[in-house]
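**Student:** Data: final_38.tsv, TSV, C-alpha atoms.
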chain	number	residue	atom	x	y	z
P	123	MET	CA	104.34	98.99	135.78
P	124	THR	CA	105.94	96.14	133.87
P	125	GLY	CA	109.51	95.10	134.40
P	126	ASN	CA	110.69	97.22	131.45
P	127	GLY	CA	109.10	100.37	132.80
P	128	HIS	CA	106.03	100.42	130.58
P	129	PRO	CA	102.68	101.07	132.22
P	130	THR	CA	100.44	98.04	132.13
P	131	HIS	CA	96.96	97.83	130.68
P	132	ARG	CA	95.50	98.03	134.19
P	133	THR	CA	96.70	101.62	134.50
P	134	ARG	CA	95.31	102.81	131.17
P	135	ARG	CA	92.64	105.38	130.81
P	136	THR	CA	89.87	104.69	128.32
P	137	HIS	CA	90.04	106.83	125.17
P	138	ASP	CA	88.04	106.97	122.01
P	139	LEU	CA	89.94	105.51	119.08
P	140	HIS	CA	91.56	107.95	116.71
P	141	PRO	CA	90.96	107.28	113.01
P	142	THR	CA	94.41	105.68	112.84
P	143	GLY	CA	93.66	103.05	115.50
P	144	LEU	CA	95.68	104.75	118.22
P	145	ASP	CA	94.65	106.07	121.59
P	146	SER	CA	95.30	109.70	122.47
P	147	ASP	CA	98.76	108.80	123.81
P	148	GLY	CA	99.81	107.37	120.45
P	149	PHE	CA	99.70	103.69	121.40
P	150	ILE	CA	97.83	101.05	119.41
P	151	ALA	CA	94.40	100.71	120.98
P	152	ARG	CA	92.87	97.31	121.55
P	153	GLU	CA	90.57	96.88	118.58
P	154	GLY	CA	87.82	94.51	119.75
P	155	SER	CA	85.46	93.98	122.65
P	156	LEU	CA	82.62	91.67	123.63
P	157	ALA	CA	80.28	94.64	123.39
P	158	ARG	CA	80.99	94.84	119.65
P	159	VAL	CA	80.07	91.23	118.91
P	160	PRO	CA	77.10	91.38	116.48
P	161	ALA	CA	73.86	89.98	117.87
P	162	ALA	CA	73.82	87.10	115.39
P	163	PHE	CA	77.15	85.83	116.71
P	164	ARG	CA	76.49	86.16	120.43
P	165	PRO	CA	75.08	82.61	120.76
P	166	VAL	CA	78.22	81.27	119.09
P	167	VAL	CA	80.48	83.18	121.47
P	168	ALA	CA	78.45	82.09	124.49
P	169	ALA	CA	78.65	78.45	123.41
P	170	ALA	CA	82.40	78.71	122.76
P	171	SER	CA	82.98	80.19	126.19
P	172	ALA	CA	81.04	77.48	128.00
P	173	ARG	CA	82.52	74.62	126.01
P	174	LEU	CA	86.10	75.85	126.33
P	175	ALA	CA	85.74	75.93	130.11
P	176	ASP	CA	84.29	72.41	130.11
P	177	ALA	CA	86.80	70.94	127.66
P	178	PHE	CA	90.00	72.41	129.07
P	179	GLY	CA	89.21	72.98	132.73
P	180	ALA	CA	92.34	73.68	134.79
P	181	ARG	CA	94.56	73.42	131.70
P	182	LEU	CA	93.20	76.74	130.47
P	183	HIS	CA	94.69	79.97	131.80
P	184	SER	CA	92.69	82.31	129.56
P	185	ALA	CA	90.84	82.43	126.25
P	186	TYR	CA	90.42	85.21	123.68
P	187	LEU	CA	88.47	86.09	120.56
P	188	TYR	CA	90.10	87.84	117.65
P	189	GLY	CA	89.18	88.74	114.10
P	190	SER	CA	85.99	90.19	112.68
P	191	ILE	CA	83.56	88.91	115.33
P	192	PRO	CA	84.92	90.97	118.27
P	193	ARG	CA	85.60	93.89	115.91
P	194	GLY	CA	81.89	93.92	115.02
P	195	THR	CA	82.48	93.49	111.29
P	196	ALA	CA	81.60	89.78	110.93
P	197	ARG	CA	79.25	88.64	108.14
P	198	VAL	CA	76.75	85.88	108.79
P	199	GLY	CA	77.60	82.70	106.94
P	200	VAL	CA	80.94	84.12	105.75
P	201	SER	CA	83.07	84.94	108.78
P	202	ASP	CA	84.86	82.36	110.87
P	203	LEU	CA	85.26	82.18	114.64
P	204	ASP	CA	88.85	82.87	115.69
P	205	LEU	CA	90.02	81.81	119.16
P	206	LEU	CA	93.32	81.95	121.02
P	207	LEU	CA	93.91	79.81	124.10
P	208	ALA	CA	96.61	80.50	126.66
P	209	LEU	CA	97.34	77.22	128.43
P	210	ARG	CA	99.15	76.74	131.73
P	211	ALA	CA	101.64	74.40	130.03
P	212	GLU	CA	102.92	73.90	126.49
P	213	PRO	CA	100.13	72.60	124.22
P	214	THR	CA	100.06	68.84	123.68
P	215	GLY	CA	98.59	66.73	120.93
P	216	ALA	CA	95.61	66.06	123.17
P	217	ASP	CA	95.09	69.80	123.65
P	218	ARG	CA	95.09	70.36	119.89
P	219	ALA	CA	92.70	67.46	119.34
P	220	ASP	CA	90.30	68.89	121.93
P	221	ALA	CA	90.46	72.33	120.31
P	222	ASP	CA	89.87	70.88	116.84
P	223	ALA	CA	86.90	68.84	118.04
P	224	LEU	CA	85.37	71.83	119.78
P	225	GLY	CA	85.83	74.01	116.71
P	226	ALA	CA	84.33	71.41	114.40
P	227	ALA	CA	81.29	71.03	116.66
P	228	LEU	CA	80.71	74.80	116.76
P	229	ASP	CA	81.07	75.05	112.99
P	230	GLU	CA	78.57	72.22	112.50
P	231	GLU	CA	76.03	73.64	114.92
P	232	PHE	CA	76.11	77.33	114.07
P	233	GLY	CA	75.42	78.39	110.51
P	234	GLN	CA	76.47	81.93	111.35
P	235	ILE	CA	80.14	80.95	111.08
P	236	ASP	CA	82.12	79.44	108.23
P	237	GLY	CA	84.74	77.54	110.20
P	238	CYS	CA	86.42	77.87	113.57
P	239	GLY	CA	90.17	78.21	114.06
P	240	THR	CA	91.95	77.99	117.40
P	241	LEU	CA	95.51	79.02	118.25
P	242	LEU	CA	97.09	77.35	121.29
P	243	TYR	CA	100.12	78.66	123.19
P	244	SER	CA	101.42	78.42	126.70
P	245	ARG	CA	101.01	81.39	129.01
P	246	ALA	CA	104.80	81.43	129.45
P	247	ARG	CA	105.42	81.75	125.73
P	248	LEU	CA	102.90	84.53	125.25
P	249	LEU	CA	104.60	86.54	128.00
P	250	SER	CA	108.17	85.66	127.00
P	251	ALA	CA	110.71	88.29	125.91
P	252	PRO	CA	111.18	86.80	122.40
P	253	GLU	CA	107.43	87.12	121.79
P	254	ARG	CA	107.08	90.61	123.25
P	255	TYR	CA	106.61	92.27	119.87
P	256	ASP	CA	104.86	89.39	118.15
P	257	LEU	CA	102.48	87.12	120.06
P	258	GLY	CA	102.54	89.47	123.05
P	259	TRP	CA	101.45	92.38	120.88
P	260	PHE	CA	98.83	90.17	119.24
P	261	VAL	CA	97.26	89.34	122.60
P	262	ALA	CA	97.47	92.87	123.93
P	263	CYS	CA	96.11	94.67	120.88
P	264	LEU	CA	94.22	92.26	118.63
P	265	CYS	CA	92.66	89.78	121.08
P	266	THR	CA	89.51	90.27	123.15
P	267	PRO	CA	89.38	88.56	126.57
P	268	LEU	CA	86.75	85.83	126.81
P	269	LEU	CA	87.76	83.73	129.84
P	270	GLY	CA	90.32	83.97	132.62
P	271	GLU	CA	92.95	86.57	133.52
P	272	ASP	CA	93.74	88.98	130.70
P	273	LEU	CA	97.45	88.65	129.86
P	274	ALA	CA	97.42	92.15	128.37
P	275	ALA	CA	97.78	93.44	131.93
P	276	ARG	CA	101.30	91.95	131.97
P	277	LEU	CA	102.36	93.33	128.60
P	278	PRO	CA	103.56	96.78	127.52
P	279	ARG	CA	101.81	99.28	125.31
P	280	TYR	CA	102.81	99.32	121.67
P	281	ARG	CA	103.51	101.98	119.06
P	282	PRO	CA	103.35	101.28	115.31
P	283	GLY	CA	107.12	101.37	114.78
P	284	SER	CA	109.73	99.47	112.80
P	285	LEU	CA	110.49	97.03	115.63
P	286	LEU	CA	106.86	95.94	115.73
P	287	ALA	CA	106.79	95.70	111.93
P	288	ARG	CA	109.89	93.51	111.85
P	289	GLU	CA	108.80	91.16	114.62
P	290	THR	CA	105.25	90.66	113.41
P	291	ASN	CA	105.74	90.09	109.68
P	292	GLY	CA	109.45	90.06	108.94
P	293	ASP	CA	109.50	86.31	108.25
P	294	LEU	CA	107.74	86.15	104.88
P	295	HIS	CA	110.94	84.89	103.24
P	296	LEU	CA	110.79	81.85	105.54
P	297	LEU	CA	107.08	81.26	104.98
P	298	LEU	CA	107.15	81.21	101.18
P	299	PRO	CA	108.77	77.75	100.82
P	300	HIS	CA	106.20	76.39	103.29
P	301	TRP	CA	103.41	77.98	101.28
P	302	ARG	CA	104.72	76.38	98.08
P	303	ARG	CA	104.62	72.97	99.74
P	304	ARG	CA	101.04	73.55	100.91
P	305	ILE	CA	99.97	74.53	97.41
P	306	ALA	CA	101.69	71.50	95.88
P	307	ALA	CA	100.04	69.19	98.42
P	308	ALA	CA	96.52	70.53	97.71
P	309	ASP	CA	94.41	68.47	95.32
P	310	GLY	CA	93.87	71.38	92.94
P	311	THR	CA	90.12	71.64	93.35
P	312	GLU	CA	88.37	74.94	93.92
P	313	GLN	CA	87.29	73.73	97.35
P	314	ALA	CA	90.85	72.87	98.34
P	315	LEU	CA	92.47	76.02	96.94
P	316	ARG	CA	89.94	78.57	98.20
P	317	PRO	CA	91.08	78.46	101.87
P	318	LEU	CA	94.70	78.85	100.72
P	319	VAL	CA	93.80	81.90	98.64
P	320	ARG	CA	91.94	83.40	101.58
P	321	PHE	CA	94.74	82.78	104.05
P	322	MET	CA	97.62	83.86	101.81
P	323	SER	CA	95.75	86.92	100.50
P	324	ARG	CA	95.16	88.15	104.02
P	325	HIS	CA	98.71	87.44	105.11
P	326	LEU	CA	100.20	89.32	102.15
P	327	VAL	CA	97.92	92.32	102.66
P	328	ARG	CA	98.81	92.49	106.34
P	329	THR	CA	102.50	92.20	105.51
P	330	GLY	CA	102.19	94.96	102.94
P	331	PHE	CA	100.45	97.12	105.49
P	332	THR	CA	102.98	96.57	108.28
P	333	LEU	CA	105.72	97.36	105.77
P	334	VAL	CA	104.36	100.92	105.61
P	335	MET	CA	102.78	101.05	109.09
P	336	PRO	CA	105.51	103.19	110.71
P	337	ARG	CA	105.22	105.78	107.93
P	338	TRP	CA	101.43	105.64	107.89
P	339	GLY	CA	101.49	106.11	111.64
P	340	GLY	CA	98.65	103.94	112.91
P	341	TRP	CA	96.91	100.58	112.96
P	342	THR	CA	93.94	99.00	111.18
P	343	SER	CA	92.76	95.43	110.63
P	344	ASP	CA	90.51	96.33	107.71
P	345	LEU	CA	91.97	94.71	104.59
P	346	HIS	CA	90.78	97.50	102.30
P	347	GLU	CA	92.28	100.18	104.54
P	348	MET	CA	95.52	98.20	104.76
P	349	ALA	CA	95.77	98.01	100.97
P	350	GLU	CA	95.05	101.73	100.59
P	351	ALA	CA	97.69	102.62	103.18
P	352	PHE	CA	100.20	100.49	101.26
P	353	ALA	CA	99.18	102.17	98.00
P	354	ARG	CA	100.26	105.57	99.30
P	355	TYR	CA	103.89	104.45	99.39
P	356	TYR	CA	104.04	101.78	96.67
P	357	PRO	CA	101.63	102.91	93.95
P	358	GLU	CA	103.33	100.68	91.39
P	359	HIS	CA	102.28	97.61	93.40
P	360	ALA	CA	98.95	98.98	94.65
P	361	ASP	CA	96.68	97.06	92.27
P	362	ARG	CA	98.15	93.71	93.28
P	363	LEU	CA	97.58	94.36	96.98
P	364	ARG	CA	94.10	95.72	96.37
P	365	ALA	CA	93.27	92.55	94.46
P	366	ALA	CA	94.63	90.46	97.34
P	367	ALA	CA	92.46	92.43	99.78
P	368	LEU	CA	89.37	91.57	97.74
P	369	LEU	CA	90.33	87.90	97.63
P	370	GLY	CA	90.95	87.94	101.37
P	371	ARG	CA	87.25	88.71	101.80
P	372	GLU	CA	85.80	86.86	98.81
P	373	PRO	CA	88.29	84.09	97.93
P	374	VAL	CA	88.23	81.91	94.84
P	375	GLY	CA	90.15	78.69	94.44
P	376	ASP	CA	92.46	79.87	91.68
P	377	ALA	CA	95.84	78.15	91.20
P	378	ASP	CA	97.14	81.08	89.13
P	379	VAL	CA	96.50	83.46	92.01
P	380	LEU	CA	98.46	81.25	94.37
P	381	ALA	CA	101.32	80.95	91.88
P	382	SER	CA	101.49	84.74	91.58
P	383	TYR	CA	101.66	85.02	95.35
P	384	VAL	CA	104.59	82.66	95.85
P	385	ASP	CA	106.47	83.53	92.65
P	386	GLU	CA	105.92	87.28	92.28
P	387	LEU	CA	104.21	89.34	94.97
P	388	GLY	CA	105.50	87.34	97.93
P	389	PRO	CA	109.20	87.35	96.96
P	390	TRP	CA	109.13	91.06	96.14
P	391	LEU	CA	107.39	91.87	99.40
P	392	ALA	CA	109.80	89.73	101.43
P	393	ALA	CA	112.83	91.42	99.87
P	394	GLU	CA	111.44	94.92	100.37
P	395	TYR	CA	110.50	94.10	103.96
P	396	ALA	CA	114.03	92.92	104.72
P	397	ARG	CA	115.45	96.07	103.13
P	398	VAL	CA	113.20	98.43	105.10
P	399	HIS	CA	112.83	96.71	108.48
P	400	GLY	CA	115.21	93.74	108.53
P	401	GLU	CA	114.31	90.13	109.18
P	402	LYS	CA	112.33	88.83	112.12
P	403	SER	CA	114.23	87.32	115.04
P	404	PRO	CA	114.38	83.54	114.45
P	405	LYS	CA	111.75	81.68	116.46
P	406	GLY	CA	110.54	79.07	113.99
P	407	LEU	CA	107.44	78.94	111.82
P	408	ARG	CA	103.99	78.88	113.40
Write out the structure in this file as structure tokens.
**Tutor:**
Amino acid sequence: MTGNGHPTHRTRRTHDLHPTGLDSDGFIAREGSLARVPAAFRPVVAAASARLADAFGARLHSAYLYGSIPRGTARVGVSDLDLLLALRAEPTGADRADADALGAALDEEFGQIDGCGTLLYSRARLLSAPERYDLGWFVACLCTPLLGEDLAARLPRYRPGSLLARETNGDLHLLLPHWRRRIAAADGTEQALRPLVRFMSRHLVRTGFTLVMPRWGGWTSDLHEMAEAFARYYPEHADRLRAAALLGREPVGDADVLASYVDELGPWLAAEYARVHGEKSPKGLR
């Protein structure tokens, strides 16, 4: 048991996923596994595992995959490699430089992936009370163990309720000014704007989904399914989120799209989120 009385992941039975992404007890089931990694991406994952161990050594507590590769939905030449590292101390500039260099080398060597992104946090932060329903949930439910001790064993089980919705995505109102600055700083080329469209499209779709998640009653990471779940409750905004879901998978570097996100869809979504779930506990932007 954990300190708050929740059973840990070590005591769980294994269940088949329900169509709503829950196990038979109604908790969000961990969505990925190494067994689901498509064959084309297994050499990439093997190389990442070996190089992370070499590069970080004793600094590394554990490493995880997340995203389409461990979910088994990755597309060769389109999907990126997403990693999360739990370090034994707070990440330093040197840690981030090492992670960036490793990711760049993997991206250069393996044509199967289109980029490699690595999140770095301390083990203490991932297990901290303020992160219980944000980064803690992310590790426990959306990350697949790759190296080291799985921190999910020290975290509770999670239901798709309003608390989880608020603490995962209830900070869009704080992010929008940051997004505007990123757009303004971009050079305006298709190449520069495309990653922003991809990132912001996905973030808005996920925020729209978690807005309705407690009513929908489950979990999914599929952008199309997220948009359709949202559409059930906000049909008047459905087309905009469906369009964002498409751009999250097939982005184009369009300045008008980005402007619509930060001037129209984003502000509406942030206001509705605050009305329904409240605002996320202040912890700073990541």
**Student:** May I ask which of the residues P:Thr240, P:Ser171, P:Thr332, P:Thr266 is the closest one to Phe352 (chain P), counting only C-alpha atoms?
**Tutor:**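 Distance minimum relative to Phe352 (chain P) lands on P:Thr332.
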**Student:** When you draw a straight line from CA of Ala161 (chain P) to CA of Gly270 (chain P), how long is it in Å?
**Tutor:**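 Atom-to-atom, CA of Ala161 (chain P) and CA of Gly270 (chain P) are spaced 22.9 Å apart.
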**Student:** Output as JSON lines one row per residue of region 308-402 of chain P within 8 Å of region 296-304 of chain P: the closest atom pair and its distance in Å to one decimal place, counting only C-alpha atoms, sorted by chain and residue number ascending.
**Tutor:**
{"residue": "P:Ala308", "atom": "CA", "partner": "P:Arg304", "partner_atom": "CA", "distance": 6.3}
{"residue": "P:Val384", "atom": "CA", "partner": "P:Leu298", "partner_atom": "CA", "distance": 6.1}
{"residue": "P:Gly388", "atom": "CA", "partner": "P:Leu298", "partner_atom": "CA", "distance": 7.1}
{"residue": "P:Pro389", "atom": "CA", "partner": "P:Leu298", "partner_atom": "CA", "distance": 7.7}
**Student:** As an exercise, work out the distance from CA of Ser201 (chain P) to CA of Arg152 (chain P) in Å and give it to one decimal place.
**Tutor:**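 Computed distance, CA of Ser201 (chain P) to CA of Arg152 (chain P), equals 20.3 Å.
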**Student:** Taking all atoms listed in the file into account, name the residue in P:Ala172, P:Val374, P:Ile235, P:Leu269 that is nearest to Leu203 (chain P).
**Tutor:**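 Ranking P:Ala172, P:Val374, P:Ile235, P:Leu269 by distance to Leu203 (chain P), first place goes to P:Ile235.
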